[in-house]
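input-v1.pdb, holding PDB, C-alpha atoms, pLDDT in the B column:
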```pdb
ATOM      1  CA  MET G   1      12.904 -29.409  43.740  1.00 55.00           C
ATOM      2  CA  PRO G   2       9.666 -29.607  45.591  1.00 63.00           C
ATOM      3  CA  ARG G   3       6.837 -31.457  43.869  1.00 69.00           C
ATOM      4  CA  LYS G   4       4.734 -28.299  43.332  1.00 66.00           C
ATOM      5  CA  GLU G   5       7.540 -26.516  41.454  1.00 68.00           C
ATOM      6  CA  GLN G   6       8.081 -29.559  39.230  1.00 71.00           C
ATOM      7  CA  ARG G   7       4.422 -29.507  38.170  1.00 70.00           C
ATOM      8  CA  GLY G   8       4.623 -25.777  37.412  1.00 70.00           C
ATOM      9  CA  SER G   9       7.746 -26.292  35.337  1.00 84.00           C
ATOM     10  CA  LEU G  10       6.112 -29.152  33.444  1.00 84.00           C
ATOM     11  CA  GLY G  11       2.999 -27.053  32.767  1.00 84.00           C
ATOM     12  CA  ARG G  12       5.083 -24.161  31.391  1.00 89.00           C
ATOM     13  CA  ARG G  13       7.029 -26.494  29.112  1.00 90.00           C
ATOM     14  CA  LEU G  14       3.811 -28.065  27.869  1.00 92.00           C
ATOM     15  CA  ALA G  15       2.231 -24.651  27.203  1.00 93.00           C
ATOM     16  CA  ILE G  16       5.349 -23.440  25.387  1.00 95.00           C
ATOM     17  CA  GLY G  17       5.396 -26.616  23.287  1.00 95.00           C
ATOM     18  CA  ILE G  18       1.726 -26.271  22.312  1.00 96.00           C
ATOM     19  CA  TYR G  19       2.233 -22.582  21.517  1.00 96.00           C
ATOM     20  CA  SER G  20       5.313 -23.347  19.391  1.00 96.00           C
ATOM     21  CA  VAL G  21       3.528 -26.043  17.384  1.00 96.00           C
ATOM     22  CA  ALA G  22       0.502 -23.803  16.809  1.00 96.00           C
ATOM     23  CA  LEU G  23       2.710 -20.887  15.754  1.00 96.00           C
ATOM     24  CA  ALA G  24       4.697 -23.055  13.356  1.00 96.00           C
ATOM     25  CA  TYR G  25       1.457 -24.387  11.843  1.00 95.00           C
ATOM     26  CA  LEU G  26       0.067 -20.869  11.324  1.00 93.00           C
ATOM     27  CA  VAL G  27       3.291 -19.654   9.709  1.00 93.00           C
ATOM     28  CA  ILE G  28       3.475 -22.616   7.325  1.00 93.00           C
ATOM     29  CA  VAL G  29      -0.213 -22.412   6.340  1.00 91.00           C
ATOM     30  CA  GLY G  30       0.028 -18.631   5.977  1.00 88.00           C
ATOM     31  CA  PHE G  31       2.991 -18.793   3.645  1.00 87.00           C
ATOM     32  CA  ALA G  32       1.518 -21.697   1.701  1.00 87.00           C
ATOM     33  CA  SER G  33      -1.684 -19.757   0.976  1.00 86.00           C
ATOM     34  CA  VAL G  34      -0.356 -16.202   0.574  1.00 85.00           C
ATOM     35  CA  ILE G  35       2.690 -16.811  -1.619  1.00 85.00           C
ATOM     36  CA  PRO G  36       0.728 -18.342  -4.550  1.00 79.00           C
ATOM     37  CA  GLN G  37      -1.876 -15.563  -4.378  1.00 76.00           C
ATOM     38  CA  VAL G  38       0.798 -12.876  -4.538  1.00 76.00           C
ATOM     39  CA  PHE G  39       3.100 -14.339  -7.172  1.00 79.00           C
ATOM     40  CA  TRP G  40       0.669 -16.419  -9.272  1.00 78.00           C
ATOM     41  CA  PRO G  41      -2.788 -14.823  -8.973  1.00 81.00           C
ATOM     42  CA  GLU G  42      -5.734 -16.429 -10.737  1.00 82.00           C
ATOM     43  CA  SER G  43      -6.595 -14.866 -14.067  1.00 82.00           C
ATOM     44  CA  ASP G  44      -9.178 -15.170 -16.819  1.00 80.00           C
ATOM     45  CA  ASP G  45      -7.005 -16.048 -19.810  1.00 77.00           C
ATOM     46  CA  SER G  46     -10.008 -15.941 -22.157  1.00 82.00           C
ATOM     47  CA  PHE G  47     -10.013 -12.151 -21.739  1.00 79.00           C
ATOM     48  CA  ASP G  48      -7.879 -11.364 -24.761  1.00 81.00           C
ATOM     49  CA  LEU G  49      -8.594  -7.727 -25.609  1.00 85.00           C
ATOM     50  CA  GLU G  50      -5.803  -5.332 -26.442  1.00 90.00           C
ATOM     51  CA  CYS G  51      -4.401  -3.452 -23.477  1.00 90.00           C
ATOM     52  CA  ALA G  52      -6.010  -0.064 -24.086  1.00 92.00           C
ATOM     53  CA  ASP G  53      -9.420  -1.550 -24.925  1.00 93.00           C
ATOM     54  CA  GLY G  54      -9.340  -3.988 -22.013  1.00 92.00           C
ATOM     55  CA  LEU G  55      -8.328  -1.349 -19.487  1.00 94.00           C
ATOM     56  CA  GLN G  56     -11.035   1.027 -20.748  1.00 95.00           C
ATOM     57  CA  LEU G  57     -13.636  -1.740 -20.557  1.00 95.00           C
ATOM     58  CA  LEU G  58     -12.657  -2.625 -16.988  1.00 94.00           C
ATOM     59  CA  ARG G  59     -12.713   1.033 -15.938  1.00 96.00           C
ATOM     60  CA  HIS G  60     -16.170   1.382 -17.441  1.00 97.00           C
ATOM     61  CA  GLU G  61     -17.365  -1.730 -15.576  1.00 95.00           C
ATOM     62  CA  VAL G  62     -16.117  -0.371 -12.235  1.00 96.00           C
ATOM     63  CA  ASP G  63     -17.974   2.867 -12.912  1.00 96.00           C
ATOM     64  CA  GLU G  64     -21.148   0.913 -13.770  1.00 95.00           C
ATOM     65  CA  VAL G  65     -20.900  -1.073 -10.531  1.00 93.00           C
ATOM     66  CA  ARG G  66     -20.418   2.151  -8.545  1.00 93.00           C
ATOM     67  CA  ILE G  67     -23.418   3.835 -10.162  1.00 93.00           C
ATOM     68  CA  ALA G  68     -25.604   0.740  -9.771  1.00 91.00           C
ATOM     69  CA  TYR G  69     -24.857   0.457  -6.048  1.00 89.00           C
ATOM     70  CA  LEU G  70     -25.453   4.146  -5.454  1.00 88.00           C
ATOM     71  CA  ALA G  71     -28.719   4.073  -7.401  1.00 88.00           C
ATOM     72  CA  THR G  72     -30.182   1.061  -5.575  1.00 87.00           C
ATOM     73  CA  ASN G  73     -28.872   1.693  -2.026  1.00 82.00           C
ATOM     74  CA  GLU G  74     -27.658  -1.920  -1.866  1.00 84.00           C
ATOM     75  CA  THR G  75     -26.268  -2.875   1.560  1.00 83.00           C
ATOM     76  CA  ASP G  76     -24.591  -6.261   0.966  1.00 86.00           C
ATOM     77  CA  PRO G  77     -20.769  -5.982   0.772  1.00 88.00           C
ATOM     78  CA  ALA G  78     -20.403  -9.727   0.086  1.00 90.00           C
ATOM     79  CA  GLN G  79     -22.336  -9.321  -3.156  1.00 90.00           C
ATOM     80  CA  LEU G  80     -20.050  -6.429  -4.129  1.00 90.00           C
ATOM     81  CA  ARG G  81     -16.945  -8.576  -3.569  1.00 91.00           C
ATOM     82  CA  SER G  82     -18.369 -11.427  -5.633  1.00 90.00           C
ATOM     83  CA  THR G  83     -19.290  -8.959  -8.384  1.00 89.00           C
ATOM     84  CA  LEU G  84     -15.733  -7.654  -8.514  1.00 92.00           C
ATOM     85  CA  LYS G  85     -14.065 -11.096  -8.342  1.00 92.00           C
ATOM     86  CA  SER G  86     -14.392 -11.822 -12.071  1.00 90.00           C
ATOM     87  CA  TRP G  87     -13.219  -8.256 -12.704  1.00 92.00           C
ATOM     88  CA  ASP G  88     -10.040  -9.031 -10.741  1.00 92.00           C
ATOM     89  CA  PHE G  89      -9.385 -12.164 -12.801  1.00 92.00           C
ATOM     90  CA  ARG G  90      -9.673 -10.188 -16.036  1.00 92.00           C
ATOM     91  CA  LEU G  91      -7.364  -7.467 -14.726  1.00 92.00           C
ATOM     92  CA  ASN G  92      -4.820 -10.143 -13.773  1.00 91.00           C
ATOM     93  CA  ALA G  93      -4.963 -11.413 -17.366  1.00 89.00           C
ATOM     94  CA  LEU G  94      -4.277  -7.899 -18.666  1.00 90.00           C
ATOM     95  CA  ALA G  95      -1.493  -7.354 -16.131  1.00 89.00           C
ATOM     96  CA  LYS G  96       0.583 -10.038 -17.859  1.00 87.00           C
ATOM     97  CA  ARG G  97       0.770  -8.064 -21.096  1.00 87.00           C
ATOM     98  CA  CYS G  98      -0.004  -4.391 -20.319  1.00 89.00           C
ATOM     99  CA  ASP G  99       1.902  -1.464 -18.850  1.00 91.00           C
ATOM    100  CA  GLU G 100       2.350  -2.082 -15.138  1.00 92.00           C
ATOM    101  CA  GLY G 101       1.680   1.565 -14.258  1.00 94.00           C
ATOM    102  CA  HIS G 102      -1.704   1.628 -15.982  1.00 95.00           C
ATOM    103  CA  VAL G 103      -2.727  -1.686 -14.444  1.00 94.00           C
ATOM    104  CA  HIS G 104      -1.680  -0.518 -10.986  1.00 95.00           C
ATOM    105  CA  LEU G 105      -3.576   2.756 -11.400  1.00 96.00           C
ATOM    106  CA  LEU G 106      -6.756   0.962 -12.491  1.00 96.00           C
ATOM    107  CA  ASN G 107      -6.416  -1.551  -9.650  1.00 95.00           C
ATOM    108  CA  GLU G 108      -5.997   1.286  -7.158  1.00 97.00           C
ATOM    109  CA  TYR G 109      -9.124   2.957  -8.566  1.00 97.00           C
ATOM    110  CA  ARG G 110     -11.065  -0.308  -8.248  1.00 96.00           C
ATOM    111  CA  HIS G 111     -10.086  -0.711  -4.608  1.00 96.00           C
ATOM    112  CA  ARG G 112     -10.914   2.915  -3.817  1.00 96.00           C
ATOM    113  CA  VAL G 113     -14.347   2.463  -5.395  1.00 95.00           C
ATOM    114  CA  GLU G 114     -14.866  -0.734  -3.377  1.00 95.00           C
ATOM    115  CA  LEU G 115     -13.872   0.966  -0.127  1.00 95.00           C
ATOM    116  CA  GLY G 116     -16.094   3.942  -0.913  1.00 94.00           C
ATOM    117  CA  LEU G 117     -19.049   1.692  -1.685  1.00 94.00           C
ATOM    118  CA  GLU G 118     -18.512  -0.359   1.468  1.00 94.00           C
ATOM    119  CA  ARG G 119     -18.525   2.844   3.487  1.00 94.00           C
ATOM    120  CA  TYR G 120     -21.633   4.013   1.652  1.00 93.00           C
ATOM    121  CA  MET G 121     -23.359   0.670   2.320  1.00 91.00           C
ATOM    122  CA  ARG G 122     -22.400   0.805   5.984  1.00 90.00           C
ATOM    123  CA  GLU G 123     -23.239   4.435   6.709  1.00 90.00           C
ATOM    124  CA  ASP G 124     -25.350   6.114   4.035  1.00 89.00           C
ATOM    125  CA  ALA G 125     -27.471   3.445   2.321  1.00 86.00           C
ATOM    126  CA  PRO G 126     -29.505   2.607   5.453  1.00 88.00           C
ATOM    127  CA  LEU G 127     -30.213   6.304   5.919  1.00 89.00           C
ATOM    128  CA  ALA G 128     -31.178   6.691   2.249  1.00 87.00           C
ATOM    129  CA  ASN G 129     -33.519   3.706   2.544  1.00 87.00           C
ATOM    130  CA  SER G 130     -35.080   5.195   5.691  1.00 89.00           C
ATOM    131  CA  VAL G 131     -35.631   8.505   3.924  1.00 89.00           C
ATOM    132  CA  SER G 132     -37.209   6.718   0.952  1.00 86.00           C
ATOM    133  CA  GLU G 133     -39.527   4.766   3.242  1.00 89.00           C
ATOM    134  CA  ALA G 134     -40.447   7.858   5.248  1.00 91.00           C
ATOM    135  CA  LEU G 135     -41.241   9.858   2.133  1.00 89.00           C
ATOM    136  CA  GLY G 136     -43.064   6.949   0.523  1.00 85.00           C
ATOM    137  CA  SER G 137     -40.995   7.092  -2.624  1.00 70.00           C
ATOM    138  CA  ASN G 138     -39.698   4.218  -4.724  1.00 61.00           C
ATOM    139  CA  THR G 139     -36.147   3.033  -4.075  1.00 49.00           C
ATOM    140  CA  GLU G 140     -35.428   3.137  -7.808  1.00 53.00           C
ATOM    141  CA  PRO G 141     -35.201   6.626  -9.258  1.00 52.00           C
ATOM    142  CA  GLN G 142     -37.549   7.386 -12.148  1.00 51.00           C
ATOM    143  CA  SER G 143     -35.069   9.659 -13.894  1.00 52.00           C
ATOM    144  CA  LEU G 144     -31.803  11.380 -13.162  1.00 53.00           C
ATOM    145  CA  GLU G 145     -33.276  14.826 -13.865  1.00 59.00           C
ATOM    146  CA  THR G 146     -34.436  17.010 -11.008  1.00 54.00           C
ATOM    147  CA  PRO G 147     -38.183  17.616 -11.234  1.00 58.00           C
ATOM    148  CA  GLU G 148     -39.197  21.205 -11.925  1.00 60.00           C
ATOM    149  CA  PRO G 149     -41.176  22.924  -9.180  1.00 59.00           C
ATOM    150  CA  THR G 150     -44.729  23.804 -10.139  1.00 58.00           C
ATOM    151  CA  PRO G 151     -45.793  27.447  -9.779  1.00 57.00           C
TER     152      PRO G 151
END
```
Any chance you could put this one into C-alpha cells?
Amino acid sequence: MPRKEQRGSLGRRLAIGIYSVALAYLVIVGFASVIPQVFWPESDDSFDLECADGLQLLRHEVDEVRIAYLATNETDPAQLRSTLKSWDFRLNALAKRCDEGHVHLLNEYRHRVELGLERYMREDAPLANSVSEALGSNTEPQSLETPEPTP
C-alpha cells in the first residue's frame, strides 16, 4: 500500500475507535441513570395520607399551582418544575399503595397542566404583561369579578 493510503486507513480506524468508546460510554451512563429513575423513583415516604385523601390533596395542589401561574403571568418554567418536584415525590409515595389507574390519571393531569403552563409562559404571559403595562394596570388582579360598567 502506498504511504498515503496507510495514513487514511489509520485515521479511519482511530476515528472509529474513538466513536465506539464514546458510544459505549454514553450507553452505559444512560442506562445507569435512567434505570433507577424508572424502576425506583424517589418518593416522600413521610406523606402517609390515605389514598383517596392524598390523591385529592395532590389534585387540589396542581389546580392551585395552575391558578397561581395564570393569575401572576409568571414566565419562569424552571421555577414551575422545582415547584412540582416535591409534588412528584409525594405522588410516588402514593403510587406504592394506591390504585395504579388513579395515580396514572392524576400524573397525566399534572403533566398536561405543566405543558399548558409552559406554553402559556412562553406565548401568552409576555403578551399579558405587555397589555398590563400598556393599560397601566396592576399585574395582580384586585378581584375575580368583572367590574360593572357605569351608566
Handout entry: Target residues per the PyMOL selection byres ((chain G and resi 59) around 12), formatted as a list in words
Key = Ala52, Asp53, Gly54, Leu55, Gln56, Leu57, Leu58, His60, Glu61, Val62, Asp63, Glu64, Val65, Arg66, Leu84, Trp87, Asp88, Arg90, Leu91, His102, Val103, Leu105, Leu106, Asn107, Glu108, Tyr109, Arg110, His111 and Val113 of chain G
Do a neighbour search on range 116-131 of chain G at 9 Å with all atoms listed in the file, toss out local chain neighbours closer than 3 positions, and write the hits as a short mmCIF file (atom, residue, chain, number, x, y, z; two decimals) with C-alpha atoms, in the frame of the given file.
```cif
data_model
loop_
_atom_site.label_atom_id
_atom_site.label_comp_id
_atom_site.auth_asym_id
_atom_site.auth_seq_id
_atom_site.Cartn_x
_atom_site.Cartn_y
_atom_site.Cartn_z
CA ARG G 66 -20.42 2.15 -8.54
CA TYR G 69 -24.86 0.46 -6.05
CA LEU G 70 -25.45 4.15 -5.45
CA THR G 72 -30.18 1.06 -5.58
CA ASN G 73 -28.87 1.69 -2.03
CA GLU G 74 -27.66 -1.92 -1.87
CA THR G 75 -26.27 -2.88 1.56
CA ASP G 76 -24.59 -6.26 0.97
CA PRO G 77 -20.77 -5.98 0.77
CA LEU G 80 -20.05 -6.43 -4.13
CA HIS G 111 -10.09 -0.71 -4.61
CA ARG G 112 -10.91 2.92 -3.82
CA VAL G 113 -14.35 2.46 -5.40
CA ALA G 134 -40.45 7.86 5.25
CA LEU G 135 -41.24 9.86 2.13
CA GLY G 136 -43.06 6.95 0.52
CA SER G 137 -41.00 7.09 -2.62
CA THR G 139 -36.15 3.03 -4.08
#
```
Completion exercise
CA of Ala22 in chain G to CA of Phe39 in chain G measures 25.9 Å
Handout entry: Among the residues G:Arg81, G:Ser9, G:Leu49, G:Ala24, the one that comes closest to Leu115 in chain G [using all atoms listed in the file]
Key = G:Arg81
Practice task
Please indicate the distance in Å from CA of Val29 in chain G to CA of Arg13 in chain G, rounded to one decimal place.
Solution key: 24.2 Å
